[in-house]
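Asks: Coordinates in input.cif, mmCIF, C-alpha atoms, are listed below.
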data_run
#
loop_
_atom_site.label_atom_id
_atom_site.label_comp_id
_atom_site.auth_asym_id
_atom_site.auth_seq_id
_atom_site.Cartn_x
_atom_site.Cartn_y
_atom_site.Cartn_z
CA MET G 88 7.99 54.93 -63.51
CA ARG G 89 4.69 54.47 -65.25
CA VAL G 90 4.71 53.54 -68.92
CA PRO G 91 1.54 55.00 -70.49
CA THR G 92 -0.67 52.57 -72.35
CA ALA G 93 -2.04 53.25 -75.78
CA SER G 94 -5.26 55.24 -75.70
CA LYS G 95 -7.57 56.25 -78.55
CA VAL G 96 -8.65 59.40 -76.68
CA PRO G 97 -6.00 61.01 -74.45
CA LEU G 98 -6.99 62.93 -71.34
CA LEU G 99 -5.43 66.07 -72.85
CA ASP G 100 -4.90 66.61 -76.57
CA VAL G 101 -3.34 69.90 -77.73
CA ARG G 102 -3.08 70.39 -81.48
CA ASN G 103 -1.41 73.13 -83.52
CA LEU G 104 -1.74 75.73 -80.77
CA SER G 105 -0.66 79.25 -81.60
CA LYS G 106 -0.44 82.40 -79.51
CA THR G 107 0.92 85.83 -80.42
CA TYR G 108 1.36 88.86 -78.18
CA ARG G 109 1.81 92.49 -79.17
CA SER G 110 4.77 94.43 -77.79
CA GLY G 111 4.50 98.02 -78.95
CA GLN G 112 4.31 97.83 -82.75
CA GLU G 113 5.79 94.33 -82.83
CA ARG G 114 3.89 91.04 -82.76
CA ILE G 115 5.73 88.22 -80.99
CA ALA G 116 4.77 84.62 -81.78
CA VAL G 117 5.13 82.69 -78.51
CA LEU G 118 3.50 79.45 -79.70
CA ARG G 119 3.63 78.43 -83.36
CA GLY G 120 1.72 75.17 -83.68
CA ALA G 121 2.49 73.35 -80.43
CA CYS G 122 1.11 69.83 -80.02
CA LEU G 123 1.13 67.54 -76.98
CA ARG G 124 -0.84 64.72 -75.38
CA VAL G 125 -1.18 63.60 -71.76
CA GLU G 126 -2.79 60.28 -70.90
CA ALA G 127 -4.86 59.64 -67.78
CA GLY G 128 -2.51 58.75 -64.93
CA GLU G 129 0.58 59.96 -66.79
CA SER G 130 3.02 62.55 -65.41
CA VAL G 131 4.71 64.79 -67.97
CA ALA G 132 7.37 67.48 -67.54
CA LEU G 133 7.26 70.43 -69.94
CA THR G 134 10.76 71.86 -70.28
CA GLY G 135 12.46 74.56 -72.32
CA GLU G 136 14.48 77.73 -72.09
CA SER G 137 13.15 80.82 -70.35
CA GLY G 138 10.75 82.58 -72.71
CA SER G 139 10.07 79.48 -74.79
CA GLY G 140 6.33 79.65 -74.06
CA LYS G 141 5.99 76.98 -71.35
CA SER G 142 3.86 79.04 -68.98
CA THR G 143 1.83 80.44 -71.87
CA LEU G 144 0.99 76.91 -73.01
CA LEU G 145 -0.01 75.88 -69.49
CA HIS G 146 -2.17 78.97 -69.05
CA LEU G 147 -3.96 78.28 -72.34
CA ILE G 148 -4.67 74.69 -71.27
CA ALA G 149 -6.05 76.02 -67.97
CA GLY G 150 -8.27 78.51 -69.78
CA LEU G 151 -6.52 81.47 -68.17
CA ASP G 152 -5.89 82.93 -71.63
CA GLN G 153 -7.25 82.33 -75.14
CA ALA G 154 -5.32 80.82 -78.03
CA ASP G 155 -5.18 82.48 -81.44
CA GLY G 156 -5.45 79.15 -83.25
CA GLY G 157 -5.43 75.40 -82.76
CA SER G 158 -7.38 73.28 -80.30
CA ILE G 159 -7.20 72.09 -76.70
CA ARG G 160 -9.34 69.06 -75.93
CA PHE G 161 -9.51 68.01 -72.29
CA ASP G 162 -11.56 65.04 -71.14
CA GLU G 163 -14.05 65.38 -74.01
CA THR G 164 -14.29 69.18 -73.61
CA GLU G 165 -13.06 71.55 -76.32
CA VAL G 166 -11.44 74.17 -74.09
CA THR G 167 -10.76 76.55 -76.98
CA ALA G 168 -14.49 76.73 -77.71
CA LEU G 169 -15.46 77.78 -74.17
CA ALA G 170 -16.44 81.31 -73.18
CA ASP G 171 -15.08 82.92 -70.01
CA ARG G 172 -17.74 81.37 -67.78
CA GLY G 173 -17.13 77.89 -69.17
CA ARG G 174 -13.38 78.16 -68.68
CA ALA G 175 -13.87 79.36 -65.10
CA ALA G 176 -16.15 76.38 -64.40
CA LEU G 177 -13.54 74.05 -65.88
CA ARG G 178 -10.85 75.40 -63.54
CA ARG G 179 -13.17 75.25 -60.55
CA ASN G 180 -14.56 71.77 -61.06
CA ARG G 181 -12.16 69.66 -63.11
CA LEU G 182 -8.64 71.09 -63.00
CA GLY G 183 -6.09 71.32 -60.23
CA LEU G 184 -3.69 74.28 -60.50
CA VAL G 185 -0.43 74.76 -58.59
CA PHE G 186 1.81 77.78 -59.08
CA GLN G 187 5.30 78.87 -58.04
CA GLN G 188 3.89 81.65 -55.82
CA PHE G 189 1.56 79.26 -53.89
CA ASN G 190 -1.46 81.65 -54.21
CA LEU G 191 -2.94 80.75 -50.82
CA ILE G 192 -5.60 83.06 -49.37
CA PRO G 193 -3.89 85.01 -46.54
CA SER G 194 -7.07 85.45 -44.47
CA LEU G 195 -7.88 81.72 -44.39
CA THR G 196 -6.35 79.04 -42.18
CA VAL G 197 -4.59 76.03 -43.66
CA ALA G 198 -7.75 73.94 -43.14
CA ASP G 199 -9.92 76.47 -44.96
CA ASN G 200 -7.39 76.96 -47.77
CA LEU G 201 -7.33 73.20 -48.31
CA ALA G 202 -11.12 73.06 -48.58
CA PHE G 203 -11.61 76.30 -50.54
CA GLN G 204 -11.80 75.03 -54.15
CA ALA G 205 -13.67 71.84 -53.25
CA ARG G 206 -16.33 73.82 -51.38
CA ILE G 207 -16.83 76.26 -54.24
CA ALA G 208 -17.16 73.30 -56.60
CA GLY G 209 -19.66 71.61 -54.27
CA ARG G 210 -17.36 68.60 -53.99
CA HIS G 211 -15.95 68.89 -50.49
CA ASP G 212 -15.23 65.46 -49.01
CA SER G 213 -14.13 65.63 -45.37
CA ARG G 214 -12.74 62.09 -45.45
CA TRP G 215 -10.62 62.81 -48.53
CA GLN G 216 -9.42 66.10 -47.01
CA SER G 217 -8.42 64.26 -43.85
CA ASP G 218 -6.48 61.80 -45.99
CA LEU G 219 -4.73 64.67 -47.78
CA VAL G 220 -3.86 66.28 -44.46
CA ASP G 221 -2.27 63.04 -43.27
CA ARG G 222 -0.41 62.35 -46.50
CA LEU G 223 0.93 65.91 -46.73
CA GLY G 224 1.93 66.11 -43.07
CA LEU G 225 -0.28 69.12 -42.31
CA GLY G 226 -2.04 67.86 -39.18
CA ASP G 227 -0.25 70.24 -36.81
CA LEU G 228 -0.67 73.25 -39.12
CA LEU G 229 -4.41 73.36 -39.76
CA LYS G 230 -5.08 76.41 -37.58
CA ARG G 231 -2.14 78.41 -38.92
CA TYR G 232 -2.29 81.09 -41.60
CA PRO G 233 -0.11 81.11 -44.76
CA GLU G 234 2.25 83.77 -43.36
CA GLN G 235 3.05 81.39 -40.50
CA LEU G 236 4.24 78.62 -42.87
CA SER G 237 7.51 77.91 -44.62
CA GLY G 238 7.64 77.85 -48.42
CA GLY G 239 7.57 74.07 -48.49
CA GLN G 240 4.58 73.96 -46.15
CA GLN G 241 2.70 76.50 -48.27
CA GLN G 242 3.31 74.47 -51.40
CA ARG G 243 2.07 71.32 -49.70
CA VAL G 244 -1.14 73.17 -48.83
CA ALA G 245 -1.44 74.39 -52.44
CA ILE G 246 -1.07 70.83 -53.74
CA GLY G 247 -3.65 69.57 -51.27
CA ARG G 248 -6.10 72.32 -52.29
CA ALA G 249 -5.64 71.45 -55.97
CA LEU G 250 -6.24 67.73 -55.38
CA ALA G 251 -9.16 68.18 -52.98
CA VAL G 252 -11.63 68.22 -55.91
CA ARG G 253 -10.09 65.00 -57.29
CA PRO G 254 -9.39 66.62 -60.67
CA PRO G 255 -8.73 64.46 -63.74
CA LEU G 256 -5.74 66.72 -64.53
CA LEU G 257 -3.27 68.59 -62.32
CA LEU G 258 -1.34 71.47 -63.90
CA ALA G 259 1.72 72.91 -62.16
CA ASP G 260 3.80 75.92 -63.20
CA GLU G 261 7.30 75.77 -61.67
CA PRO G 262 5.91 74.43 -58.36
CA THR G 263 9.40 74.00 -56.87
CA GLY G 264 10.85 77.24 -58.24
CA ASN G 265 10.80 79.02 -54.84
CA LEU G 266 12.04 76.03 -52.85
CA ASP G 267 15.51 74.81 -51.97
CA GLU G 268 16.58 71.48 -53.46
CA ALA G 269 15.85 69.32 -50.41
CA THR G 270 12.40 70.87 -49.88
CA ALA G 271 11.65 70.62 -53.60
CA ASP G 272 12.43 66.90 -53.54
CA GLU G 273 10.20 66.39 -50.50
CA VAL G 274 7.30 68.27 -52.07
CA MET G 275 7.64 66.42 -55.38
CA ASP G 276 7.79 63.03 -53.65
CA LEU G 277 4.52 63.82 -51.89
CA ALA G 278 2.92 65.16 -55.08
CA ARG G 279 3.88 62.09 -57.13
CA ASP G 280 2.50 59.74 -54.46
CA LEU G 281 -0.82 61.58 -54.37
CA ILE G 282 -1.02 61.72 -58.16
CA ARG G 283 -0.52 57.96 -58.33
CA GLN G 284 -3.20 57.50 -55.66
CA THR G 285 -5.77 59.63 -57.47
CA GLY G 286 -4.85 58.47 -60.98
CA CYS G 287 -5.01 62.01 -62.37
CA GLY G 288 -2.86 63.21 -65.24
CA PHE G 289 -0.05 65.61 -64.35
CA LEU G 290 1.55 68.27 -66.55
CA MET G 291 4.31 70.30 -64.92
CA VAL G 292 6.34 73.20 -66.27
CA THR G 293 9.85 73.09 -64.85
CA HIS G 294 13.29 74.48 -65.63
CA SER G 295 14.93 71.73 -63.56
CA ALA G 296 16.21 68.76 -65.57
CA ARG G 297 16.65 66.87 -62.29
CA ILE G 298 12.99 67.32 -61.30
CA ALA G 299 11.79 66.63 -64.86
CA ALA G 300 13.61 63.30 -64.88
CA THR G 301 11.46 62.05 -61.98
CA LEU G 302 8.29 62.12 -64.10
CA ASP G 303 7.11 59.54 -66.65
CA ARG G 304 8.00 61.61 -69.69
CA GLN G 305 9.75 64.86 -70.61
CA ILE G 306 8.88 67.07 -73.57
CA LEU G 307 10.82 70.09 -74.81
CA LEU G 308 9.24 73.31 -75.98
CA SER G 309 11.56 75.25 -78.28
CA ALA G 310 10.81 78.29 -80.45
CA GLY G 311 7.09 77.83 -79.88
CA LEU G 312 7.02 74.18 -80.95
CA ILE G 313 7.32 70.84 -79.18
CA ALA G 314 10.71 69.54 -80.26
#
Give the structure from this file in C-alpha cells form.
Replies:
Amino acid sequence: MRVPTASKVPLLDVRNLSKTYRSGQERIAVLRGACLRVEAGESVALTGESGSGKSTLLHLIAGLDQADGGSIRFDETEVTALADRGRAALRRNRLGLVFQQFNLIPSLTVADNLAFQARIAGRHDSRWQSDLVDRLGLGDLLKRYPEQLSGGQQQRVAIGRALAVRPPLLLADEPTGNLDEATADEVMDLARDLIRQTGCGFLMVTHSARIAATLDRQILLSAGLIA
C-alpha cells in the first residue's frame, strides 16, 4: 500500500465543514465541523455508521450540495466559494464520480457511456479510452446497452467513464454496495490498478470494513465529525 508523503498543499483539504437539514420543525446537524485531507495519489476510505453523514460529505466535496459553513479546497480551487455553474464545471472537467446505482445513460451504448463525460469536457482521448476498455475488460461489450450488462459490468463502465477525463480526484459513494463480494473484489482490484496508473486521489465512502482495509488509509465519520 502507498504511504503518502508529506505535502504542504494537499489535493483535497476540508476544514470545519458543517451541514444542517430541516425535518419538519426540527433542524438536524449532519456535519458539525468535519475535517479531512487527501493527498495526490492517495486512496482513502470514509467509513461510519448509516446516517453519520458520509454521503453528505462526499456530495459537498463534489459540489452537489452547498455547505452551511467551513471550506473545501480542491486542487487550488475553493469549492465552497463557487456558484452553481462553477461547481458543475468542476464536476465535468476535474472530478470523477462513481455511485452505487451506476447512473449510466440507458440510451447510450457502453462505448458512448465511456466517452460521455470526456466528450462534454472536450477532453476525449481515443487512445486512453482504448486503454481503459482493455484494462476493464469491456472489449466485447462496447455495442451493448446498460440493461444488457450485469451489475459488475455496469460498475466497470461507470469507473471507466469517471476516469476518462483523467481527473485529479475520484470520488465514489458505496461503489460496491449493489455487488456480491466476489464481484466487488474484482471491481475494486481494477479500480485500484487504474487509480495507481493515473495517480489521481481517491476518496471512497463504504460501509465495508473489508473493502476499506484495501485502501491506503481509513477515516471514521462519527456524529458529524472525523473521529
Asks: Hey, which of G:Asp171, G:Glu261, G:Glu273, G:Asp199 ends up closest to Ala296 in chain G? Count all atoms listed in the file.
Replies: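 Of the candidates, the smallest distance to Ala296 in chain G is held by G:Glu261.
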Asks: Check what the PyMOL selection byres ((chain G and resi 200-210) around 6) selects in the file above and give those residues as a PyMOL selection string.
Replies: chain G and resi 179-180+195+197-199+211+247-248+251-252
Asks: Name the closest residue to Leu182 in chain G among the candidates G:Leu236, G:Leu257, G:Leu277, G:Leu104; distances are taken between atoms, counting only C-alpha atoms.
Replies: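 That would be G:Leu257, the residue with the smallest distance to Leu182 in chain G.
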Asks: Could you expand the PyMOL selection byres ((chain G and resi 118-121) around 7) into the explicit residues it covers here, written as number ranges by chain?
Replies: G: 102-107, 116-117, 122-123, 140, 311-313
Asks: So how far away is CA of Tyr108 in chain G from CA of Arg172 in chain G, in Å?
Replies: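 Value for the CA of Arg172 in chain G-CA of Tyr108 in chain G distance: 23.0 Å.
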Asks: Any chance you could work out the residue set of the PyMOL selection byres ((chain G and resi 234) around 10) here, as a compact mmCIF listing (two decimals) with C-alpha atoms, keeping the file's coordinate frame?
Replies:
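Saved to part-v7.txt:
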# COMPACT_ATOMS: atom_id res chain seq x y z
CA LEU G 191 -2.94 80.75 -50.82
CA ILE G 192 -5.60 83.06 -49.37
CA PRO G 193 -3.89 85.01 -46.54
CA SER G 194 -7.07 85.45 -44.47
CA THR G 196 -6.35 79.04 -42.18
CA ARG G 231 -2.14 78.41 -38.92
CA TYR G 232 -2.29 81.09 -41.60
CA PRO G 233 -0.11 81.11 -44.76
CA GLN G 235 3.05 81.39 -40.50
CA LEU G 236 4.24 78.62 -42.87
CA SER G 237 7.51 77.91 -44.62
CA GLY G 238 7.64 77.85 -48.42
CA GLN G 241 2.70 76.50 -48.27
Asks: One decimal, in Å: what's the spacing between CA of Arg181 in chain G and CA of Leu250 in chain G?
Replies: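 Interatomic distance, CA of Arg181 in chain G to CA of Leu250 in chain G: 9.9 Å.
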